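Have a look at input16.cif below; it lists mmCIF, C-alpha atoms.
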```cif
data_start
loop_
_atom_site.label_atom_id
_atom_site.label_comp_id
_atom_site.auth_asym_id
_atom_site.auth_seq_id
_atom_site.Cartn_x
_atom_site.Cartn_y
_atom_site.Cartn_z
CA MET A 329 94.43 57.71 110.79
CA LYS A 330 91.06 56.03 110.75
CA ARG A 331 92.16 53.79 113.57
CA LEU A 332 93.13 56.79 115.73
CA ALA A 333 89.82 58.44 115.08
CA LEU A 334 88.01 55.23 115.98
CA VAL A 335 89.98 54.85 119.21
CA LEU A 336 89.25 58.42 120.28
CA SER A 337 85.59 58.01 119.50
CA SER A 338 85.46 54.87 121.59
CA ILE A 339 87.17 56.62 124.54
CA LEU A 340 84.72 59.53 124.34
CA VAL A 341 81.71 57.22 124.31
CA LEU A 342 83.02 55.27 127.32
CA SER A 343 83.67 58.50 129.25
CA SER A 344 80.18 59.78 128.59
CA PHE A 345 78.67 56.48 129.68
CA ALA A 346 80.70 56.45 132.91
CA SER A 347 79.67 60.02 133.73
CA ALA A 348 76.02 59.25 133.15
CA LYS A 349 76.25 56.13 135.37
CA GLU A 350 77.87 58.15 138.16
CA ILE A 351 75.14 60.80 138.03
CA VAL A 352 72.40 58.19 138.19
CA ALA A 353 74.04 56.25 141.00
CA LYS A 354 74.78 59.30 143.19
CA PRO A 355 71.97 59.65 145.79
CA GLU A 356 70.29 62.99 146.27
CA VAL A 357 70.86 64.45 149.69
CA SER A 358 67.64 65.94 151.15
CA LYS A 359 67.99 69.14 153.09
CA GLU A 360 64.73 68.53 155.03
CA ILE A 361 65.26 68.39 158.78
CA VAL A 362 63.33 65.60 160.39
CA THR A 363 62.52 66.17 164.07
CA GLU A 364 61.80 63.29 166.39
CA PRO A 365 58.40 63.36 168.12
CA VAL A 366 58.53 64.57 171.71
CA VAL A 367 56.59 62.46 174.13
CA VAL A 368 55.01 64.62 176.86
CA GLN A 369 54.28 62.80 180.08
CA GLU A 370 51.57 64.33 182.24
CA GLU A 371 52.35 64.15 185.92
CA VAL A 372 49.26 63.33 187.95
CA VAL A 373 49.31 64.87 191.40
CA GLU A 374 46.90 63.37 193.87
CA VAL A 375 45.36 66.01 196.14
CA ALA A 376 44.23 64.75 199.51
CA PRO A 377 40.59 65.68 200.24
CA VAL A 378 40.18 68.49 202.77
CA VAL A 379 38.19 67.25 205.71
CA THR A 380 36.27 70.02 207.48
CA PRO A 381 35.61 69.09 211.10
CA ALA A 382 31.98 69.09 212.11
CA PRO A 383 31.05 72.04 214.31
CA VAL A 384 30.95 71.20 217.97
CA ALA A 385 27.55 71.93 219.45
CA VAL A 386 27.78 74.12 222.54
CA THR A 387 25.13 73.26 225.08
CA PRO A 388 23.88 76.24 227.09
CA ASN A 389 24.46 75.96 230.82
CA SER A 390 21.52 75.30 233.10
CA TYR A 391 21.37 74.81 236.83
CA ILE A 392 19.22 74.82 239.94
CA THR A 393 20.08 77.16 242.82
CA LEU A 394 19.04 76.76 246.43
CA ARG A 395 19.12 80.07 248.30
CA ALA A 396 18.57 81.27 251.86
CA GLY A 397 18.34 84.95 252.78
CA MET A 398 17.82 87.43 255.61
CA ASP A 399 15.84 90.70 255.48
CA PHE A 400 17.31 94.05 256.46
CA ALA A 401 15.46 97.37 256.94
CA PRO A 402 11.98 95.80 256.65
CA ARG A 403 9.13 98.25 256.08
CA TYR A 404 5.36 98.04 255.68
CA LYS A 405 3.08 100.42 253.89
CA GLN A 406 1.23 102.28 256.63
CA ALA A 407 -2.41 101.29 256.68
CA SER A 408 -5.00 103.70 258.02
CA PHE A 409 -8.79 103.62 258.32
CA GLY A 410 -11.41 106.25 258.83
CA THR A 411 -11.93 109.70 257.37
CA ALA A 412 -9.08 112.00 256.51
CA SER A 413 -9.75 114.10 259.61
CA ALA A 414 -10.03 111.11 261.91
CA ALA A 415 -7.81 108.49 260.28
CA GLN A 416 -6.35 105.80 262.48
CA ASN A 417 -3.00 104.28 261.58
CA VAL A 418 -2.87 100.53 262.06
CA ASN A 419 0.90 100.19 262.09
CA ASP A 420 4.26 101.86 262.13
CA LYS A 421 6.16 101.79 258.85
CA SER A 422 9.13 99.87 260.19
CA GLY A 423 8.93 96.13 260.73
CA ASP A 424 9.85 94.36 263.94
CA ASN A 425 11.85 91.25 264.75
CA TRP A 426 13.31 89.41 261.75
CA GLY A 427 12.39 88.30 258.26
CA GLY A 428 13.92 85.86 255.81
CA GLU A 429 13.31 83.49 252.94
CA PHE A 430 14.18 80.19 251.35
CA ALA A 431 14.02 79.83 247.55
CA VAL A 432 14.69 77.37 244.75
CA GLU A 433 15.40 78.69 241.26
CA TYR A 434 16.04 77.21 237.81
CA LEU A 435 18.14 79.20 235.33
CA ARG A 436 19.16 78.40 231.75
CA GLN A 437 21.67 80.23 229.59
CA ILE A 438 20.23 81.92 226.48
CA GLU A 439 22.28 80.41 223.62
CA THR A 440 25.91 81.17 224.55
CA SER A 441 25.32 84.71 225.80
CA ASN A 442 25.74 86.12 229.30
CA PHE A 443 21.97 86.16 229.83
CA TYR A 444 20.19 83.55 231.94
CA LEU A 445 16.43 83.15 232.24
CA GLY A 446 14.30 80.89 234.41
CA GLY A 447 11.82 80.71 237.24
CA GLY A 448 11.66 80.45 240.99
CA LEU A 449 9.53 79.56 243.99
CA ALA A 450 10.12 80.91 247.49
CA TYR A 451 8.76 80.91 251.01
CA GLN A 452 9.17 84.36 252.60
CA ARG A 453 8.72 84.89 256.32
CA HIS A 454 8.14 88.62 256.75
CA ALA A 455 9.09 90.70 259.76
CA ASP A 456 6.43 91.37 262.42
CA VAL A 457 4.14 94.37 262.19
CA LYS A 458 4.37 97.06 264.84
CA ALA A 459 0.96 98.26 266.03
CA SER A 460 0.62 102.03 266.03
CA ASN A 461 -1.29 102.02 269.35
CA ASP A 462 -3.18 99.81 271.75
CA LEU A 463 -6.34 99.98 269.64
CA TRP A 464 -4.89 97.56 267.12
CA LYS A 465 -3.72 94.01 267.38
CA THR A 466 -1.37 93.14 264.57
CA GLY A 467 0.26 89.94 263.43
CA ARG A 468 2.12 89.68 260.16
CA TYR A 469 1.69 88.00 256.79
CA ASP A 470 3.99 85.65 254.93
CA SER A 471 4.29 85.17 251.18
CA ILE A 472 4.85 82.38 248.66
CA PRO A 473 5.85 84.07 245.38
CA VAL A 474 6.02 82.29 242.02
CA TYR A 475 8.18 84.32 239.67
CA VAL A 476 10.27 84.65 236.52
CA THR A 477 13.90 85.44 237.23
CA GLY A 478 16.66 86.73 234.96
CA LYS A 479 20.38 87.22 235.39
CA TYR A 480 23.11 88.94 233.39
CA VAL A 481 26.74 87.99 234.08
CA MET A 482 28.80 91.16 233.59
CA ALA A 483 32.34 89.71 233.61
CA ASN A 484 34.54 86.77 234.56
CA TRP A 485 37.56 87.68 236.66
CA ASP A 486 39.43 84.40 237.17
CA GLY A 487 36.25 82.61 238.20
CA VAL A 488 34.68 85.57 240.02
CA LYS A 489 31.52 86.56 238.11
CA PRO A 490 29.58 89.70 239.11
CA TYR A 491 25.98 89.76 237.88
CA LEU A 492 22.71 91.70 237.82
CA LYS A 493 19.49 89.93 238.79
CA ALA A 494 15.75 90.69 238.67
CA ASP A 495 12.55 88.86 239.74
CA LEU A 496 8.94 89.40 238.67
CA GLY A 497 5.95 87.31 239.68
CA TYR A 498 2.85 86.89 241.81
CA SER A 499 2.79 86.73 245.59
CA PHE A 500 0.36 84.46 247.41
CA ASN A 501 0.02 86.06 250.83
CA ARG A 502 -1.17 84.30 253.96
CA LYS A 503 -1.99 85.86 257.31
CA SER A 504 0.09 84.84 260.30
CA GLY A 505 -1.55 86.23 263.41
CA ASP A 506 -4.61 88.40 263.69
CA PHE A 507 -5.17 91.94 262.45
CA SER A 508 -8.02 93.33 264.53
CA GLN A 509 -9.41 96.52 266.02
CA LYS A 510 -10.22 96.48 269.74
CA THR A 511 -12.21 98.65 272.12
CA ASN A 512 -12.07 97.65 275.76
CA ASP A 513 -10.78 94.23 274.69
CA GLN A 514 -13.79 93.75 272.42
CA LYS A 515 -12.93 92.92 268.82
CA LEU A 516 -14.68 95.29 266.45
CA GLY A 517 -13.33 93.86 263.21
CA SER A 518 -10.64 91.61 261.83
CA GLY A 519 -8.39 92.03 258.83
CA LYS A 520 -7.76 89.88 255.79
CA ILE A 521 -4.60 89.95 253.66
CA LYS A 522 -5.01 89.81 249.88
CA ASP A 523 -2.49 88.65 247.27
CA GLY A 524 -0.52 90.90 244.93
CA MET A 525 2.55 91.29 242.72
CA TYR A 526 6.11 90.41 243.72
CA TYR A 527 9.22 92.03 242.25
CA GLY A 528 12.86 92.60 243.08
CA ALA A 529 16.19 93.72 241.62
CA GLY A 530 19.80 93.72 242.73
CA LEU A 531 23.31 92.49 242.10
CA GLY A 532 25.51 89.64 243.20
CA VAL A 533 28.63 87.61 242.58
CA GLU A 534 29.43 83.96 241.73
CA LEU A 535 32.49 82.00 242.80
CA ASP A 536 32.60 78.41 241.60
CA ASN A 537 29.14 77.07 242.53
CA TRP A 538 28.46 79.61 245.28
CA THR A 539 26.40 82.75 244.83
CA ALA A 540 25.76 85.78 247.02
CA ASP A 541 23.48 88.69 246.17
CA VAL A 542 21.80 91.78 247.61
CA MET A 543 18.31 92.63 246.30
CA TYR A 544 15.60 95.15 247.01
CA LYS A 545 12.26 93.27 247.10
CA VAL A 546 8.58 94.17 247.42
CA ASN A 547 5.48 92.05 248.05
CA ASP A 548 2.25 93.86 247.18
CA ALA A 549 -0.65 93.22 249.56
CA LYS A 550 -3.93 94.74 250.69
CA LEU A 551 -5.38 94.72 254.19
CA ASP A 552 -9.19 94.52 254.18
CA MET A 553 -11.22 94.95 257.34
CA ASN A 554 -14.52 93.13 257.52
CA ASN A 555 -16.15 96.12 259.22
CA GLY A 556 -15.23 98.29 256.26
CA GLY A 557 -12.10 99.91 254.93
CA SER A 558 -9.17 98.73 252.85
CA HIS A 559 -5.57 99.85 252.44
CA LYS A 560 -2.40 98.84 250.68
CA PHE A 561 -0.12 96.89 253.00
CA ASP A 562 3.02 96.25 250.94
CA TYR A 563 6.13 94.75 252.50
CA SER A 564 9.55 95.97 251.29
CA ARG A 565 13.10 95.22 252.42
CA VAL A 566 16.69 94.56 251.37
CA THR A 567 17.51 90.85 251.29
CA LEU A 568 21.01 89.41 251.54
CA SER A 569 21.05 85.80 250.35
CA VAL A 570 23.58 83.02 249.79
CA GLY A 571 23.02 80.14 247.39
CA TYR A 572 24.57 77.02 245.89
CA LYS A 573 24.25 75.97 242.24
CA PHE A 574 23.64 72.41 241.09
CA ASN A 575 24.65 72.08 237.43
CA LEU A 576 22.34 70.04 235.19
#
```
Rewritten as structure tokens:
Amino acid sequence: MKRLALVLSSILVLSSFASAKEIVAKPEVSKEIVTEPVVVQEEVVEVAPVVTPAPVAVTPNSYITLRAGMDFAPRYKQASFGTASAAQNVNDKSGDNWGGEFAVEYLRQIETSNFYLGGGLAYQRHADVKASNDLWKTGRYDSIPVYVTGKYVMANWDGVKPYLKADLGYSFNRKSGDFSQKTNDQKLGSGKIKDGMYYGAGLGVELDNWTADVMYKVNDAKLDMNNGGSHKFDYSRVTLSVGYKFNL
């Protein structure tokens, strides 16, 4: 009986020891979730530099024009001397024979607009003066105006450019022929032409380098007689001219 109890005790001790060894040896399973680190790669995008083209400078146009013109409907201011009751007209209002001019002009475009501004110099051969009667001997006077000129181009129709034009300056007048008063072929006095203003306005058209315009023009003048008396002696007309432009 004692032996049986000893055997059972030994079996119980061995079982307890085996269970304890199994519990110690069994690893503990962790429920923690371990995540792997994510490596983020930054993509570098190279942006090409934006190159802004330099502005192209626009040079205003400039040119020299040579022009030749003919006068139509020439008229002089009618000069008269003496008292109101006994005034003597020196001339008829209408001119005689022909008149014309030759001019050179420089024009430059204002920025890139349709306006052009410049200057000019001309030689103007005026029409002859008609004497009012046999008491007067009349010649004529010619002019050399120095002036500022401006032009506005209104449109461009396939190379055809209509424009407005105006001149303003000073007219240096020179006598061509004698202005004198006669009595029985005896000269009683002679006349002298004085300088004055010059101005004109009109319109024209350009085609390639050719120009053509029609302008109303006036040269201010004064006729002084050395035996006394003075009167305005302006010359006006309509001038048709043709020119050629030389680009600079």
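Candidate residues A:Gly524, A:Gly571, A:Gly423, A:Gly467 were compared for distance to Arg395 (chain A), and the nearest is A:Gly571, using all atoms listed in the file.
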(request) Return as a list in words the set of residues that the PyMOL selection byres ((chain A and resi 437-450) around 9) yields on the displayed structure. (result)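 Listing what the PyMOL selection byres ((chain A and resi 437-450) around 9) selects in the shown file: Val386, Thr387, Pro388, Asn389, Ser390, Glu429, Phe430, Ala431, Val432, Glu433, Tyr434, Leu435, Arg436, Tyr451, Gln452, Ser471, Ile472, Pro473, Val474, Tyr475, Val476, Thr477, Gly478, Lys479, Tyr480, Val481, Met482, Ala483 and Asp495 of chain A.
Distances here use all atoms listed in the file; by that measure, the residue among A:Asn575, A:Ser518, A:Ser569, A:Ser508 closest to Met543 (chain A) is A:Ser569.
Residue nearest Trp485 (chain A), chosen from A:Ser408, A:Val546, A:Leu535, A:Asp424 and counting all atoms listed in the file: A:Leu535.
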(request) Take CA of Tyr469 (chain A) and CA of Val570 (chain A) and report the distance between them in Å, one decimal. (result)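 Straight-line distance from CA of Tyr469 (chain A) to CA of Val570 (chain A) works out to 23.5 Å.
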(request) Enter the distance from CA of Pro490 (chain A) to CA of Asn537 (chain A), in Å, rounded to one decimal. (result)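 These atoms are spaced 13.1 Å apart.
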(request) Name the closest residue to Asn417 (chain A) among the candidates A:Asp486, A:Glu534, A:Asp523, A:Asp462; distances are taken between atoms, counting only C-alpha atoms. (result)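 Of all the options, A:Asp462 lies closest to Asn417 (chain A).
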(message) What's the separation between CA of Val488 (chain A) and CA of Val542 (chain A), in Å to one decimal place?
(response) 16.2 Å
(request) Pick out the residues sitting within 10 Å of Arg403 (chain A), and hand them over as number ranges by chain; count all atoms listed in the file, and ignore anything fewer than 4 positions along from it in its own chain. (result) A: 420-424, 454-457, 546, 561-566
(message) So, with only C-alpha atoms as the atoms that count, which of A:Pro402, A:Gly427, A:Gly397, A:Gly497 lies closest to Asp541 (chain A)?
(response)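 Among the listed residues, A:Gly397 lies closest to Asp541 (chain A).
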(message) Between A:Lys560, A:Ile392, A:Asp536, A:Asn554, which residue has the minimum interatomic distance to Val418 (chain A), considering all atoms listed in the file?
(response) A:Lys560
(request) Could you expand the PyMOL selection byres ((chain A and resi 493) around 6) into the explicit residues it covers here, written as a ChimeraX atom specification? (result) /A:478-479,492,494,529-531
Writing out the chosen residues with C-alpha atoms as a CSV table (one decimal), in the frame of the given file:
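Result file follows (result.csv):
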```csv
chain,number,residue,atom,x,y,z
A,478,GLY,CA,16.7,86.7,235.0
A,479,LYS,CA,20.4,87.2,235.4
A,492,LEU,CA,22.7,91.7,237.8
A,494,ALA,CA,15.8,90.7,238.7
A,529,ALA,CA,16.2,93.7,241.6
A,530,GLY,CA,19.8,93.7,242.7
A,531,LEU,CA,23.3,92.5,242.1
```
Please, can region 532-561 of chain A be completed to N, CA and C atoms and returned as a compact mmCIF listing (two decimals), in the coordinates of the input?
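Now in result_12.txt:
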```
# COMPACT_ATOMS: atom_id res chain seq x y z
N GLY A 532 24.85 90.69 242.42
CA GLY A 532 25.51 89.64 243.20
C GLY A 532 26.81 89.21 242.56
N VAL A 533 27.36 88.12 243.08
CA VAL A 533 28.63 87.61 242.58
C VAL A 533 28.61 86.08 242.71
N GLU A 534 29.25 85.42 241.72
CA GLU A 534 29.43 83.96 241.73
C GLU A 534 30.90 83.64 241.94
N LEU A 535 31.15 82.55 242.66
CA LEU A 535 32.49 82.00 242.80
C LEU A 535 32.34 80.49 242.84
N ASP A 536 32.84 79.84 241.77
CA ASP A 536 32.60 78.41 241.60
C ASP A 536 31.08 78.17 241.60
N ASN A 537 30.59 77.34 242.50
CA ASN A 537 29.14 77.07 242.53
C ASN A 537 28.40 77.89 243.58
N TRP A 538 29.09 78.80 244.24
CA TRP A 538 28.46 79.61 245.28
C TRP A 538 28.01 80.95 244.71
N THR A 539 26.90 81.44 245.23
CA THR A 539 26.40 82.75 244.83
C THR A 539 26.06 83.56 246.08
N ALA A 540 26.17 84.86 245.96
CA ALA A 540 25.76 85.78 247.02
C ALA A 540 25.21 87.03 246.35
N ASP A 541 24.04 87.49 246.78
CA ASP A 541 23.48 88.69 246.17
C ASP A 541 22.72 89.54 247.18
N VAL A 542 22.56 90.81 246.82
CA VAL A 542 21.80 91.78 247.61
C VAL A 542 20.70 92.32 246.70
N MET A 543 19.43 92.21 247.13
CA MET A 543 18.31 92.63 246.30
C MET A 543 17.30 93.44 247.11
N TYR A 544 16.73 94.42 246.44
CA TYR A 544 15.60 95.15 247.01
C TYR A 544 14.32 94.46 246.51
N LYS A 545 13.43 94.07 247.46
CA LYS A 545 12.26 93.27 247.10
C LYS A 545 10.99 93.88 247.70
N VAL A 546 9.88 93.66 246.98
CA VAL A 546 8.58 94.17 247.42
C VAL A 546 7.52 93.10 247.18
N ASN A 547 6.68 92.88 248.19
CA ASN A 547 5.48 92.05 248.05
C ASN A 547 4.27 92.97 248.18
N ASP A 548 3.48 93.07 247.11
CA ASP A 548 2.25 93.86 247.18
C ASP A 548 1.18 93.10 247.96
N ALA A 549 0.43 93.83 248.78
CA ALA A 549 -0.65 93.22 249.56
C ALA A 549 -1.69 94.28 249.88
N LYS A 550 -2.87 93.83 250.28
CA LYS A 550 -3.93 94.74 250.69
C LYS A 550 -4.56 94.20 251.96
N LEU A 551 -4.74 95.09 252.92
CA LEU A 551 -5.38 94.72 254.19
C LEU A 551 -6.84 95.19 254.15
N ASP A 552 -7.76 94.23 254.17
CA ASP A 552 -9.19 94.52 254.18
C ASP A 552 -9.76 94.24 255.56
N MET A 553 -10.54 95.16 256.06
CA MET A 553 -11.22 94.95 257.34
C MET A 553 -12.68 94.58 257.07
N ASN A 554 -13.16 93.59 257.79
CA ASN A 554 -14.52 93.13 257.52
C ASN A 554 -15.59 94.10 258.03
N ASN A 555 -15.20 95.10 258.80
CA ASN A 555 -16.15 96.12 259.22
C ASN A 555 -16.04 97.38 258.34
N GLY A 556 -15.35 97.20 257.20
CA GLY A 556 -15.23 98.29 256.26
C GLY A 556 -13.83 98.86 256.23
N GLY A 557 -13.42 99.31 255.07
CA GLY A 557 -12.10 99.91 254.93
C GLY A 557 -11.09 98.96 254.30
N SER A 558 -10.19 99.51 253.53
CA SER A 558 -9.17 98.73 252.85
C SER A 558 -7.96 99.62 252.59
N HIS A 559 -6.77 99.04 252.67
CA HIS A 559 -5.57 99.85 252.44
C HIS A 559 -4.44 98.97 251.96
N LYS A 560 -3.58 99.57 251.12
CA LYS A 560 -2.40 98.84 250.68
C LYS A 560 -1.50 98.53 251.87
N PHE A 561 -0.93 97.32 251.86
CA PHE A 561 -0.12 96.89 253.00
C PHE A 561 1.13 96.17 252.48
```
